[in-house]
>>> print(open('upload26.txt').read())   # compact mmCIF, C-alpha atoms
# COMPACT_ATOMS: atom_id res chain seq x y z
CA MET A 1 94.73 65.53 -103.80
CA ALA A 2 92.42 63.84 -106.26
CA PRO A 3 93.84 60.83 -108.05
CA LEU A 4 95.15 61.80 -111.47
CA SER A 5 93.05 59.28 -113.33
CA THR A 6 89.82 61.02 -112.36
CA LEU A 7 90.92 64.58 -113.05
CA GLY A 8 88.49 66.44 -115.24
CA THR A 9 86.89 65.37 -118.47
CA VAL A 10 88.55 64.89 -121.82
CA ASN A 11 87.24 66.00 -125.19
CA ALA A 12 87.97 63.06 -127.41
CA PRO A 13 87.45 63.27 -131.16
CA ALA A 14 85.29 60.58 -132.73
CA LEU A 15 87.00 57.91 -134.80
CA ALA A 16 85.65 56.82 -138.19
CA ILE A 17 87.38 54.04 -140.11
CA ARG A 18 86.09 53.31 -143.61
CA GLY A 19 87.04 50.48 -145.93
CA LEU A 20 90.37 49.84 -144.26
CA ALA A 21 92.58 47.21 -145.89
CA MET A 22 96.05 46.13 -144.93
CA THR A 23 98.41 43.52 -146.32
CA ARG A 24 101.59 42.43 -144.62
CA GLY A 25 103.84 40.39 -146.83
CA TYR A 26 101.50 38.18 -148.85
CA ARG A 27 98.86 38.04 -146.16
CA THR A 28 95.75 40.17 -146.21
CA LEU A 29 95.08 40.97 -142.59
CA PHE A 30 91.76 42.70 -143.09
CA ARG A 31 89.84 44.33 -145.88
CA ASP A 32 86.76 46.59 -145.97
CA LEU A 33 87.01 47.18 -142.25
CA ASP A 34 84.56 49.79 -140.97
CA LEU A 35 84.58 51.05 -137.43
CA ASP A 36 83.09 53.98 -135.54
CA LEU A 37 84.01 54.97 -132.04
CA ALA A 38 82.40 57.82 -130.16
CA PRO A 39 83.93 59.63 -127.20
CA GLY A 40 83.61 57.57 -124.03
CA GLN A 41 83.70 54.24 -125.83
CA VAL A 42 86.04 51.35 -125.21
CA LEU A 43 86.89 48.90 -127.96
CA GLN A 44 88.36 45.51 -127.23
CA LEU A 45 90.28 43.94 -130.09
CA THR A 46 90.57 40.17 -130.12
CA GLY A 47 91.65 37.58 -132.61
CA PRO A 48 94.19 34.77 -132.92
CA ASN A 49 97.88 35.64 -132.99
CA GLY A 50 99.01 37.12 -136.26
CA THR A 51 95.61 38.37 -137.39
CA GLY A 52 96.58 42.01 -137.26
CA LYS A 53 95.62 43.38 -133.84
CA SER A 54 98.93 45.16 -133.40
CA THR A 55 98.90 46.27 -137.04
CA LEU A 56 95.44 47.80 -136.67
CA ILE A 57 96.54 49.67 -133.56
CA ARG A 58 99.68 50.94 -135.30
CA LEU A 59 97.53 52.01 -138.25
CA VAL A 60 95.23 53.97 -135.96
CA ALA A 61 98.30 55.49 -134.31
CA GLY A 62 99.43 56.68 -137.72
CA PHE A 63 102.71 54.73 -137.73
CA LEU A 64 101.60 52.71 -140.76
CA ARG A 65 99.77 53.77 -143.89
CA PRO A 66 96.86 51.55 -144.90
CA ASP A 67 96.76 49.94 -148.35
CA ALA A 68 93.25 51.28 -148.78
CA GLY A 69 90.61 53.07 -146.77
CA SER A 70 90.71 55.95 -144.37
CA ILE A 71 91.10 56.65 -140.68
CA ARG A 72 89.53 59.96 -139.66
CA TRP A 73 89.29 61.78 -136.37
CA SER A 74 86.77 64.55 -135.98
CA PRO A 75 86.47 67.15 -134.80
CA LEU A 76 90.12 67.90 -134.24
CA PRO A 77 91.53 71.20 -133.03
CA GLU A 78 93.56 72.48 -135.95
CA GLU A 79 96.64 73.38 -133.97
CA LEU A 80 97.33 69.74 -133.12
CA SER A 81 100.04 67.94 -135.06
CA PRO A 82 99.42 64.35 -136.19
CA GLY A 83 99.17 61.95 -133.30
CA GLU A 84 99.17 64.62 -130.64
CA TRP A 85 95.87 63.41 -129.19
CA LEU A 86 96.99 59.77 -129.00
CA HIS A 87 98.72 57.59 -126.47
CA TYR A 88 100.30 54.45 -127.88
CA SER A 89 101.46 51.73 -125.53
CA GLY A 90 102.92 48.75 -127.34
CA HIS A 91 105.10 45.75 -126.68
CA HIS A 92 108.07 48.03 -126.14
CA GLU A 93 107.36 50.30 -123.24
CA GLY A 94 109.21 53.37 -124.49
CA LEU A 95 111.45 53.34 -121.41
CA ARG A 96 115.15 53.87 -121.84
CA ASP A 97 117.59 51.76 -119.82
CA GLY A 98 120.06 53.79 -117.81
CA LEU A 99 117.53 56.33 -116.62
CA THR A 100 115.44 56.09 -113.49
CA ALA A 101 111.72 55.41 -113.67
CA HIS A 102 111.09 59.00 -112.64
CA ASP A 103 113.40 60.45 -115.33
CA ASN A 104 111.80 58.23 -117.95
CA VAL A 105 108.29 59.34 -117.06
CA CYS A 106 109.42 63.00 -116.88
CA THR A 107 110.98 62.81 -120.34
CA LEU A 108 107.93 61.11 -121.83
CA ALA A 109 105.62 63.63 -120.16
CA SER A 110 107.59 66.56 -121.63
CA LEU A 111 107.78 64.84 -125.00
CA LEU A 112 104.05 64.17 -125.08
CA GLY A 113 103.03 67.61 -123.92
CA GLY A 114 102.25 66.66 -120.34
CA ASP A 115 103.48 68.07 -117.09
CA PRO A 116 106.77 66.54 -115.86
CA SER A 117 105.98 67.63 -112.32
CA ARG A 118 103.10 65.14 -112.34
CA ALA A 119 105.48 62.24 -112.88
CA GLU A 120 105.78 61.47 -109.21
CA ALA A 121 102.03 61.46 -108.61
CA ALA A 122 101.50 59.40 -111.76
CA LEU A 123 104.04 56.80 -110.61
CA ALA A 124 102.37 56.61 -107.21
CA GLU A 125 99.00 56.21 -108.88
CA VAL A 126 100.12 53.13 -110.83
CA GLY A 127 101.72 51.61 -107.74
CA ALA A 128 105.29 52.33 -108.83
CA GLY A 129 105.99 55.13 -106.35
CA PRO A 130 108.74 53.26 -104.48
CA LEU A 131 110.44 52.42 -107.79
CA ALA A 132 110.79 56.05 -108.89
CA GLU A 133 114.50 56.39 -108.22
CA LEU A 134 115.53 52.98 -109.59
CA PRO A 135 117.04 52.63 -113.05
CA VAL A 136 114.43 50.89 -115.19
CA GLU A 137 116.78 48.09 -116.27
CA VAL A 138 116.67 46.58 -112.76
CA LEU A 139 112.86 46.47 -112.73
CA SER A 140 110.88 43.34 -113.49
CA ALA A 141 108.74 43.16 -116.61
CA GLY A 142 105.58 43.90 -114.65
CA GLN A 143 107.17 46.82 -112.82
CA ARG A 144 108.36 48.27 -116.14
CA ARG A 145 104.84 47.95 -117.49
CA ARG A 146 103.52 49.92 -114.52
CA VAL A 147 106.12 52.66 -115.04
CA ALA A 148 105.12 52.79 -118.72
CA LEU A 149 101.46 53.19 -117.73
CA ALA A 150 102.38 56.22 -115.63
CA ARG A 151 102.82 58.33 -118.75
CA LEU A 152 99.14 57.90 -119.60
CA LEU A 153 98.44 59.87 -116.45
CA ALA A 154 101.38 62.29 -116.57
CA ALA A 155 100.45 63.45 -120.08
CA PRO A 156 96.65 63.39 -120.39
CA ARG A 157 95.52 62.63 -123.92
CA PRO A 158 92.00 61.77 -125.06
CA VAL A 159 92.71 58.59 -127.02
CA TRP A 160 94.53 55.55 -125.62
CA LEU A 161 95.79 52.80 -127.92
CA LEU A 162 96.86 49.89 -125.76
CA ASP A 163 98.49 46.84 -127.30
CA GLU A 164 98.38 43.98 -124.79
CA PRO A 165 98.18 46.24 -121.73
CA PHE A 166 97.96 43.30 -119.31
CA THR A 167 101.23 41.62 -120.31
CA ALA A 168 103.40 40.73 -117.32
CA LEU A 169 101.11 42.46 -114.85
CA ASP A 170 100.06 40.77 -111.62
CA ARG A 171 96.43 40.56 -110.47
CA ASP A 172 96.65 43.98 -108.84
CA GLY A 173 98.19 45.47 -111.93
CA GLN A 174 95.49 44.02 -114.15
CA ALA A 175 92.82 45.46 -111.90
CA LEU A 176 94.64 48.78 -112.09
CA VAL A 177 94.57 48.75 -115.90
CA ARG A 178 90.85 47.94 -115.86
CA ARG A 179 90.28 50.81 -113.44
CA LEU A 180 92.29 53.25 -115.56
CA ILE A 181 90.45 52.25 -118.73
CA ALA A 182 87.06 52.56 -117.03
CA ALA A 183 87.94 55.96 -115.54
CA HIS A 184 89.25 57.22 -118.88
CA ALA A 185 86.11 56.16 -120.71
CA GLU A 186 83.97 57.65 -117.95
CA ALA A 187 85.73 60.98 -118.46
CA GLY A 188 84.91 60.86 -122.16
CA GLY A 189 88.09 59.36 -123.58
CA ILE A 190 88.44 56.65 -126.20
CA VAL A 191 90.30 53.41 -125.49
CA ILE A 192 91.26 50.75 -128.02
CA ALA A 193 92.80 47.75 -126.28
CA ALA A 194 94.08 44.60 -127.94
CA THR A 195 93.84 41.90 -125.29
CA HIS A 196 92.21 38.58 -124.59
CA GLN A 197 91.77 39.30 -120.91
CA PRO A 198 88.21 40.26 -119.98
CA LEU A 199 87.92 44.01 -119.49
CA ASP A 200 84.73 43.67 -117.41
CA LEU A 201 83.24 46.96 -118.46
CA PRO A 202 79.46 47.42 -118.54
CA GLU A 203 79.46 49.10 -121.95
CA MET A 204 82.06 47.99 -124.37
CA ARG A 205 82.53 47.48 -128.07
CA HIS A 206 84.16 44.37 -129.38
CA LEU A 207 85.97 43.63 -132.63
CA ALA A 208 87.25 40.16 -133.49
CA LEU A 209 89.85 40.05 -136.22
CA GLY A 210 90.79 37.03 -138.29
CA GLY A 211 87.38 35.47 -138.83
CA PRO A 212 87.08 32.42 -141.09
CA ALA A 213 86.74 34.70 -144.14
CA ALA A 214 90.12 36.32 -143.68
CA MET B 1 110.54 73.52 -127.26
CA LYS B 2 109.87 71.69 -124.01
CA ALA B 3 109.97 68.34 -125.78
CA TRP B 4 113.17 69.34 -127.57
CA LEU B 5 114.94 70.31 -124.35
CA ALA B 6 113.71 67.16 -122.63
CA ILE B 7 115.27 64.98 -125.34
CA LEU B 8 118.51 66.97 -125.28
CA ALA B 9 118.74 66.73 -121.49
CA ARG B 10 117.90 63.03 -121.55
CA ASP B 11 120.56 62.19 -124.12
CA LEU B 12 123.20 64.18 -122.26
CA ARG B 13 122.28 62.34 -119.07
CA LEU B 14 122.49 59.00 -120.87
CA ALA B 15 125.92 59.96 -122.27
CA ARG B 16 127.24 60.50 -118.75
CA ARG B 17 126.81 56.83 -117.93
CA VAL B 18 129.94 54.71 -117.81
CA GLY B 19 130.64 53.05 -121.15
CA ALA B 20 128.01 55.09 -122.95
CA GLY B 21 130.62 56.16 -125.45
CA ALA B 22 130.95 59.84 -124.60
CA GLU B 23 134.44 59.72 -123.14
CA LEU B 24 135.24 56.67 -125.25
CA GLY B 25 135.35 58.72 -128.45
CA LEU B 26 137.89 61.02 -126.87
CA VAL B 27 140.06 58.15 -125.67
CA PHE B 28 139.82 56.53 -129.11
CA PHE B 29 140.98 59.80 -130.70
CA LEU B 30 143.90 60.00 -128.27
CA ILE B 31 144.97 56.42 -128.95
CA LEU B 32 144.79 56.79 -132.72
CA VAL B 33 146.91 59.93 -132.62
CA SER B 34 149.48 58.42 -130.30
CA LEU B 35 149.75 55.33 -132.52
CA LEU B 36 150.88 57.34 -135.53
CA PRO B 37 154.47 58.04 -134.35
CA PHE B 38 154.84 54.33 -133.53
CA ALA B 39 153.89 53.40 -137.06
CA ILE B 40 156.00 56.02 -138.80
CA GLY B 41 159.03 56.29 -136.59
CA ALA B 42 160.99 59.32 -135.48
CA ASP B 43 160.68 61.28 -138.72
CA GLN B 44 159.35 64.43 -137.14
CA ARG B 45 159.18 66.49 -140.35
CA PHE B 46 157.13 63.83 -142.09
CA ILE B 47 154.76 63.44 -139.14
CA SER B 48 154.34 67.18 -138.96
CA ARG B 49 153.44 67.26 -142.65
CA ILE B 50 150.72 64.59 -142.47
CA ALA B 51 149.45 65.66 -139.03
CA PRO B 52 146.54 67.85 -140.27
CA ALA B 53 145.16 65.08 -142.45
CA PHE B 54 145.67 62.45 -139.79
CA LEU B 55 144.07 64.50 -137.02
CA TRP B 56 141.03 65.05 -139.20
CA LEU B 57 140.82 61.37 -140.11
CA SER B 58 141.03 60.39 -136.45
CA ALA B 59 138.33 62.88 -135.53
CA LEU B 60 136.15 61.43 -138.27
CA LEU B 61 136.58 57.88 -136.99
CA ALA B 62 136.05 58.93 -133.37
CA THR B 63 132.79 60.62 -134.35
CA LEU B 64 131.58 57.44 -136.03
CA LEU B 65 132.05 55.54 -132.80
CA GLY B 66 128.74 55.07 -131.08
CA LEU B 67 126.70 56.48 -133.96
CA ASP B 68 125.13 53.07 -134.55
CA ARG B 69 123.44 53.27 -131.17
CA LEU B 70 122.33 56.89 -131.61
CA LEU B 71 118.86 55.91 -132.78
CA GLN B 72 118.89 52.13 -132.49
CA ALA B 73 118.58 52.02 -128.71
CA ASP B 74 115.56 54.32 -128.85
CA GLU B 75 114.01 52.29 -131.63
CA GLU B 76 114.40 49.00 -129.77
CA GLU B 77 112.81 50.38 -126.63
CA GLY B 78 109.92 51.89 -128.54
CA VAL B 79 110.94 55.46 -127.71
CA LEU B 80 110.92 56.51 -131.37
CA ASP B 81 107.23 55.55 -131.52
CA GLN B 82 106.68 58.11 -128.80
CA PHE B 83 108.71 60.67 -130.80
CA LEU B 84 106.17 60.27 -133.60
CA LEU B 85 103.31 61.12 -131.24
CA ALA B 86 105.02 64.15 -129.73
CA GLY B 87 103.71 67.61 -130.39
CA ALA B 88 107.02 68.54 -132.02
CA PRO B 89 108.04 67.38 -135.51
CA LEU B 90 110.29 64.32 -135.65
CA GLU B 91 112.91 66.33 -137.60
CA TRP B 92 113.19 68.81 -134.77
CA LEU B 93 113.55 66.08 -132.13
CA LEU B 94 116.24 64.33 -134.18
CA LEU B 95 118.14 67.61 -134.24
CA ALA B 96 118.15 67.54 -130.43
CA LYS B 97 119.64 64.06 -130.52
CA ALA B 98 122.30 65.16 -133.02
CA LEU B 99 123.18 68.16 -130.88
CA ALA B 100 123.53 65.96 -127.79
CA HIS B 101 125.80 63.62 -129.74
CA TRP B 102 127.97 66.51 -130.94
CA LEU B 103 128.19 68.03 -127.46
CA VAL B 104 129.69 64.81 -126.10
CA THR B 105 131.89 63.84 -129.07
CA GLY B 106 132.62 66.64 -131.55
CA LEU B 107 132.97 69.44 -129.05
CA PRO B 108 135.45 67.78 -126.64
CA LEU B 109 137.34 66.41 -129.64
CA SER B 110 137.76 69.91 -131.06
CA LEU B 111 138.95 71.31 -127.75
CA VAL B 112 141.50 68.54 -127.16
CA ALA B 113 142.81 68.44 -130.74
CA PRO B 114 145.41 71.25 -130.37
CA LEU B 115 147.05 69.34 -127.51
CA LEU B 116 147.22 66.23 -129.65
CA GLY B 117 148.51 68.37 -132.49
CA LEU B 118 151.42 69.17 -130.22
CA MET B 119 152.19 65.45 -130.00
CA LEU B 120 152.32 65.32 -133.79
CA ALA B 121 154.62 68.37 -134.00
CA ILE B 122 152.04 70.43 -135.83
CA GLU B 123 153.08 74.03 -136.58
CA PRO B 124 152.16 76.31 -133.65
CA GLN B 125 150.25 78.73 -135.86
CA ALA B 126 147.99 75.87 -136.97
CA MET B 127 146.76 74.88 -133.52
CA ILE B 128 143.94 77.37 -133.14
CA PRO B 129 142.84 76.86 -136.78
CA LEU B 130 142.83 73.09 -136.10
CA ALA B 131 140.42 73.52 -133.19
CA LEU B 132 138.37 75.96 -135.25
CA SER B 133 138.15 73.61 -138.23
CA LEU B 134 136.94 70.77 -136.01
CA LEU B 135 134.46 73.01 -134.22
CA VAL B 136 132.94 74.06 -137.52
CA GLY B 137 133.30 70.72 -139.30
CA THR B 138 132.41 68.01 -136.77
CA PRO B 139 128.72 69.01 -136.61
CA ALA B 140 128.53 68.06 -140.29
CA LEU B 141 130.02 64.65 -139.45
CA THR B 142 127.48 64.04 -136.69
CA LEU B 143 124.62 65.11 -138.96
CA ILE B 144 125.76 62.87 -141.83
CA GLY B 145 126.00 60.10 -139.25
CA LEU B 146 122.43 60.82 -138.19
CA ILE B 147 121.23 59.96 -141.70
CA GLY B 148 123.24 56.73 -141.62
CA ALA B 149 121.91 55.87 -138.17
CA ALA B 150 118.33 56.38 -139.36
CA LEU B 151 118.87 54.22 -142.44
CA THR B 152 120.34 51.33 -140.44
CA VAL B 153 118.06 51.67 -137.41
CA SER B 154 116.28 48.36 -137.89
CA LEU B 155 119.39 46.30 -138.68
CA LYS B 156 120.68 44.29 -135.77
CA ARG B 157 124.33 44.55 -136.81
CA GLY B 158 124.09 47.84 -138.61
CA GLY B 159 127.31 49.36 -137.29
CA LEU B 160 129.54 48.25 -140.13
CA LEU B 161 127.01 49.09 -142.83
CA LEU B 162 126.59 52.50 -141.21
CA SER B 163 130.32 53.22 -141.57
CA VAL B 164 130.27 52.08 -145.18
CA LEU B 165 127.30 54.33 -145.92
CA VAL B 166 128.54 57.35 -144.01
CA LEU B 167 132.25 57.51 -144.75
CA PRO B 168 131.98 58.36 -148.48
CA LEU B 169 129.59 61.20 -147.64
CA THR B 170 132.14 62.75 -145.31
CA VAL B 171 134.72 63.27 -148.07
CA PRO B 172 133.96 66.99 -148.73
CA THR B 173 134.09 67.80 -145.01
CA LEU B 174 137.36 65.92 -144.69
CA ILE B 175 138.90 67.73 -147.68
CA PHE B 176 137.97 71.21 -146.49
CA GLY B 177 138.89 70.48 -142.87
CA ALA B 178 142.30 69.04 -143.62
CA THR B 179 143.01 71.76 -146.21
CA LEU B 180 142.21 74.45 -143.70
CA VAL B 181 144.75 73.10 -141.21
CA LYS B 182 147.37 72.56 -143.94
CA GLU B 183 147.01 76.13 -145.20
CA ALA B 184 147.23 77.48 -141.66
CA ALA B 185 150.38 75.41 -141.02
CA LEU B 186 151.97 77.00 -144.09
CA GLY B 187 151.05 80.43 -142.74
CA ARG B 188 148.51 81.14 -145.48
CA ALA B 189 144.97 82.48 -145.22
CA PHE B 190 142.35 79.81 -144.61
CA THR B 191 139.13 81.76 -145.03
CA THR B 192 138.02 79.85 -148.12
CA PRO B 193 138.15 76.33 -146.65
CA LEU B 194 136.60 77.67 -143.43
CA MET B 195 133.67 79.09 -145.37
CA LEU B 196 133.24 75.87 -147.33
CA LEU B 197 133.41 73.84 -144.12
CA GLY B 198 130.78 76.05 -142.54
CA GLY B 199 128.70 75.69 -145.68
CA MET B 200 128.85 71.89 -145.40
CA THR B 201 127.66 72.03 -141.81
CA LEU B 202 124.80 74.40 -142.64
CA LEU B 203 123.79 72.27 -145.61
CA MET B 204 123.75 69.15 -143.44
CA LEU B 205 121.80 71.00 -140.76
CA VAL B 206 119.00 71.30 -143.30
CA ILE B 207 119.31 67.98 -145.10
CA ALA B 208 120.13 65.54 -142.32
CA PRO B 209 117.11 65.88 -139.98
CA VAL B 210 114.69 65.78 -142.91
CA SER B 211 116.28 62.73 -144.52
CA ALA B 212 116.72 60.93 -141.22
CA ALA B 213 113.08 61.52 -140.28
CA ALA B 214 111.96 60.31 -143.71
CA ALA B 215 114.07 57.18 -143.31
CA LEU B 216 112.60 56.47 -139.87
CA ARG B 217 109.02 56.97 -141.05
CA HIS B 218 109.66 54.70 -144.01
CA ALA B 219 111.24 52.02 -141.80
CA ARG B 220 107.92 51.73 -139.96
CA GLN B 221 105.87 50.93 -143.05
>>> encode(input="upload26.txt", output="structure tokens")
Amino acid sequence: MAPLSTLGTVNAPALAIRGLAMTRGYRTLFRDLDLDLAPGQVLQLTGPNGTGKSTLIRLVAGFLRPDAGSIRWSPLPEELSPGEWLHYSGHHEGLRDGLTAHDNVCTLASLLGGDPSRAEAALAEVGAGPLAELPVEVLSAGQRRRVALARLLAAPRPVWLLDEPFTALDRDGQALVRRLIAAHAEAGGIVIAATHQPLDLPEMRHLALGGPAA
Amino acid sequence: MKAWLAILARDLRLARRVGAGAELGLVFFLILVSLLPFAIGADQRFISRIAPAFLWLSALLATLLGLDRLLQADEEEGVLDQFLLAGAPLEWLLLAKALAHWLVTGLPLSLVAPLLGLMLAIEPQAMIPLALSLLVGTPALTLIGLIGAALTVSLKRGGLLLSVLVLPLTVPTLIFGATLVKEAALGRAFTTPLMLLGGMTLLMLVIAPVSAAAALRHARQ
């Protein structure tokens, strides 16, 4: 069986951000932000803490409304509901204590329009196969992170928004994330990752938030 | 539909865990009802007269139990973020959560209530109407609670505020529910309060998911 991460190609829509501005509290995080991402591109977001990396990712995910500017995806199949082409992986993994890793990934796969029967293969792919039947509250932070990554594979979606994907992961895990990102971009997907760890990809876009002007 | 069933199944599985609150609501109901005779004494006629109102009040309080965690646990773990990205509308998914909550609190409560009515010397002809009134009325309580849970989702100690917000909204349901049982105990027809009770539940079925979803979306901004 082929590994899940290399299955097929994905048709990602292109992202166009124009004149984006966002204020949190009294602080202007960014203003007049323009950004274009084509299918197959990876964007690394950097910037000091508190400069709006997470906010930008949550804006792109559609959880927040910008103060000004627009975030457009095109072309989009009309039958999709908002956010249905996105994966968002944030500080909270989206795993519910009290359920096993397998049940969590199954639920997320069904919720996100994936195939719950792929949960097992997805868990194996991210190196969490032996953890499948353990309740997630007994897992370590790094193990939880791996289980959370499994949903990216169990429910294929063209755009990945990853907020600090390397947190708590060991060296192997970090290499795994790099591999997944590279494979996803290779297949034509879009990845936006907020991290200060080097992604080591040959072709990569870079956006640094919180310059001296901000 | 697949997403909806997955959330329903997940919440039912979570409710089966020890201390998750599913059986706790039932035990709480039982304790409240058995405390009443201790407080009032051996005046059976008096107890019998206030039993319909008291049973409904107890059911209301038992339903409130655990409502504060209905959405909060999912919010803290970031699961609600995933709800927003699902193919199904948030309103629809919240309805699955409300149904799961009712299946583990309201439904068992309704089925056990006639037995507890026996403890409170309720008129025999009122026992089936009591169960019926709770079956029709408790979904409204859960749904009103869903709105409260969504409004207090980001508050660390939101449980008390939730009760304060939710309890006044449950007054119509309480009135119609208790009236239904009272009328039945007196041997009179209870179609009118039953219809009104059903109307409350249907109304909440429409209002609650929409308002709760709006509250959750707003809480993110």
>>> axis_aligned_box(input="upload26.txt", around="region 27-45 of chain B", padding_each_side="4 Å", output="AutoDock Vina command-line options")
--center_x 150.4 --center_y 59.9 --center_z -133.0 --size_x 29.2 --size_y 21.1 --size_z 22.7
>>> interface_residues(input="upload26.txt", of="chain A", to="chain B", cutoff="8 Å", atoms="only C-alpha atoms", output="number ranges by chain")
A: 63-65, 80-84, 86-88, 90, 92-96, 98-99, 107-108, 110-113
>>> write_last_selection(input="upload26.txt", atoms="C-alpha atoms", output="CSV table (one decimal), keeping the file's coordinate frame")
chain,number,residue,atom,x,y,z
A,63,PHE,CA,102.7,54.7,-137.7
A,64,LEU,CA,101.6,52.7,-140.8
A,65,ARG,CA,99.8,53.8,-143.9
A,80,LEU,CA,97.3,69.7,-133.1
A,81,SER,CA,100.0,67.9,-135.1
A,82,PRO,CA,99.4,64.4,-136.2
A,83,GLY,CA,99.2,62.0,-133.3
A,84,GLU,CA,99.2,64.6,-130.6
A,86,LEU,CA,97.0,59.8,-129.0
A,87,HIS,CA,98.7,57.6,-126.5
A,88,TYR,CA,100.3,54.4,-127.9
A,90,GLY,CA,102.9,48.8,-127.3
A,92,HIS,CA,108.1,48.0,-126.1
A,93,GLU,CA,107.4,50.3,-123.2
A,94,GLY,CA,109.2,53.4,-124.5
A,95,LEU,CA,111.4,53.3,-121.4
A,96,ARG,CA,115.2,53.9,-121.8
A,98,GLY,CA,120.1,53.8,-117.8
A,99,LEU,CA,117.5,56.3,-116.6
A,107,THR,CA,111.0,62.8,-120.3
A,108,LEU,CA,107.9,61.1,-121.8
A,110,SER,CA,107.6,66.6,-121.6
A,111,LEU,CA,107.8,64.8,-125.0
A,112,LEU,CA,104.0,64.2,-125.1
A,113,GLY,CA,103.0,67.6,-123.9
>>> atom_distance(input="upload26.txt", atom1="CA of Phe176 (chain B)", atom2="CA of Met119 (chain B)")
22.5 Å
>>> closest_residue(input="upload26.txt", among="A:Pro130, A:Ala168, A:Ala101, A:Pro13", to="Gln41 (chain A)", atoms="only C-alpha atoms")
A:Pro13
>>> residues_around(input="upload26.txt", residues="region 173-180 of chain A", least_positions_apart="2", cutoff="8 Å", atoms="only C-alpha atoms", output="ChimeraX atom specification")
/A:5,126,146,165-166,169-171,182-184,199-200
>>> residues_near_point(input="upload26.txt", point="(115.1, 58.7, -141.3)", cutoff="12 Å", atoms="only C-alpha atoms", output="MDAnalysis selection string")
chainID B and resid 71:72 75 80 84 90:91 93:95 143:154 207:220
>>> closest_residue(input="upload26.txt", among="A:Val10, A:Ala128, A:Ala187, A:Ala141", to="His102 (chain A)", atoms="only C-alpha atoms")
A:Ala128
>>> residues_around(input="upload26.txt", residues="Gln125 (chain B)", least_positions_apart="6", cutoff="9 Å", atoms="all atoms listed in the file", output="list in words")
Ala184, Ala185, Leu186 and Gly187 of chain B
>>> atom_distance(input="upload26.txt", atom1="CA of Leu131 (chain A)", atom2="CA of Leu161 (chain A)")
24.9 Å
>>> closest_residue(input="upload26.txt", among="A:Asn11, A:Thr23, A:Ser117, A:Asn104", to="Leu59 (chain A)", atoms="all atoms listed in the file")
A:Thr23
>>> atom_distance(input="upload26.txt", atom1="CA of Asp172 (chain A)", atom2="CA of Ala208 (chain A)")
26.7 Å
>>> residues_around(input="upload26.txt", residues="Arg24 (chain A)", least_positions_apart="6", cutoff="12 Å", atoms="all atoms listed in the file", output="ChimeraX atom specification")
/A:30-31,50-52,54-56,64-67 /B:221
>>> residues_around(input="upload26.txt", residues="Gly137 (chain B)", least_positions_apart="5", cutoff="9 Å", atoms="all atoms listed in the file", output="ChimeraX atom specification")
/B:106,132,173-174,176-177,194,197-198,200-201
>>> closest_residue(input="upload26.txt", among="B:Ala42, B:Ile175, B:Phe28, B:Val181", to="Pro124 (chain B)", atoms="all atoms listed in the file")
B:Val181
>>> closest_residue(input="upload26.txt", among="A:Leu207, A:Leu33, A:Ala119, A:Ile57", to="Arg151 (chain A)", atoms="all atoms listed in the file")
A:Ala119
>>> build_atoms(input="upload26.txt", residues="region 47-54 of chain B", atoms="N, CA, C and O atoms", output="CSV table (one decimal), in the frame of the given file")
chain,number,residue,atom,x,y,z
B,47,ILE,N,156.0,63.5,-140.0
B,47,ILE,CA,154.8,63.4,-139.1
B,47,ILE,C,154.1,64.8,-139.1
B,47,ILE,O,152.9,64.9,-139.3
B,48,SER,N,154.9,65.8,-139.0
B,48,SER,CA,154.3,67.2,-139.0
B,48,SER,C,153.6,67.5,-140.2
B,48,SER,O,152.6,68.2,-140.2
B,49,ARG,N,154.1,66.9,-141.4
B,49,ARG,CA,153.4,67.3,-142.6
B,49,ARG,C,152.1,66.6,-142.8
B,49,ARG,O,151.1,67.1,-143.3
B,50,ILE,N,152.0,65.3,-142.3
B,50,ILE,CA,150.7,64.6,-142.5
B,50,ILE,C,149.8,64.8,-141.3
B,50,ILE,O,148.6,64.3,-141.3
B,51,ALA,N,150.3,65.5,-140.3
B,51,ALA,CA,149.4,65.7,-139.0
B,51,ALA,C,148.0,66.2,-139.3
B,51,ALA,O,147.1,65.7,-138.8
B,52,PRO,N,147.9,67.3,-140.1
B,52,PRO,CA,146.5,67.8,-140.3
B,52,PRO,C,145.6,66.8,-140.8
B,52,PRO,O,144.5,66.6,-140.3
B,53,ALA,N,146.0,66.1,-141.8
B,53,ALA,CA,145.2,65.1,-142.4
B,53,ALA,C,144.8,64.0,-141.5
B,53,ALA,O,143.7,63.5,-141.3
B,54,PHE,N,145.9,63.6,-140.7
B,54,PHE,CA,145.7,62.4,-139.8
B,54,PHE,C,144.8,62.8,-138.6
B,54,PHE,O,143.9,62.0,-138.2
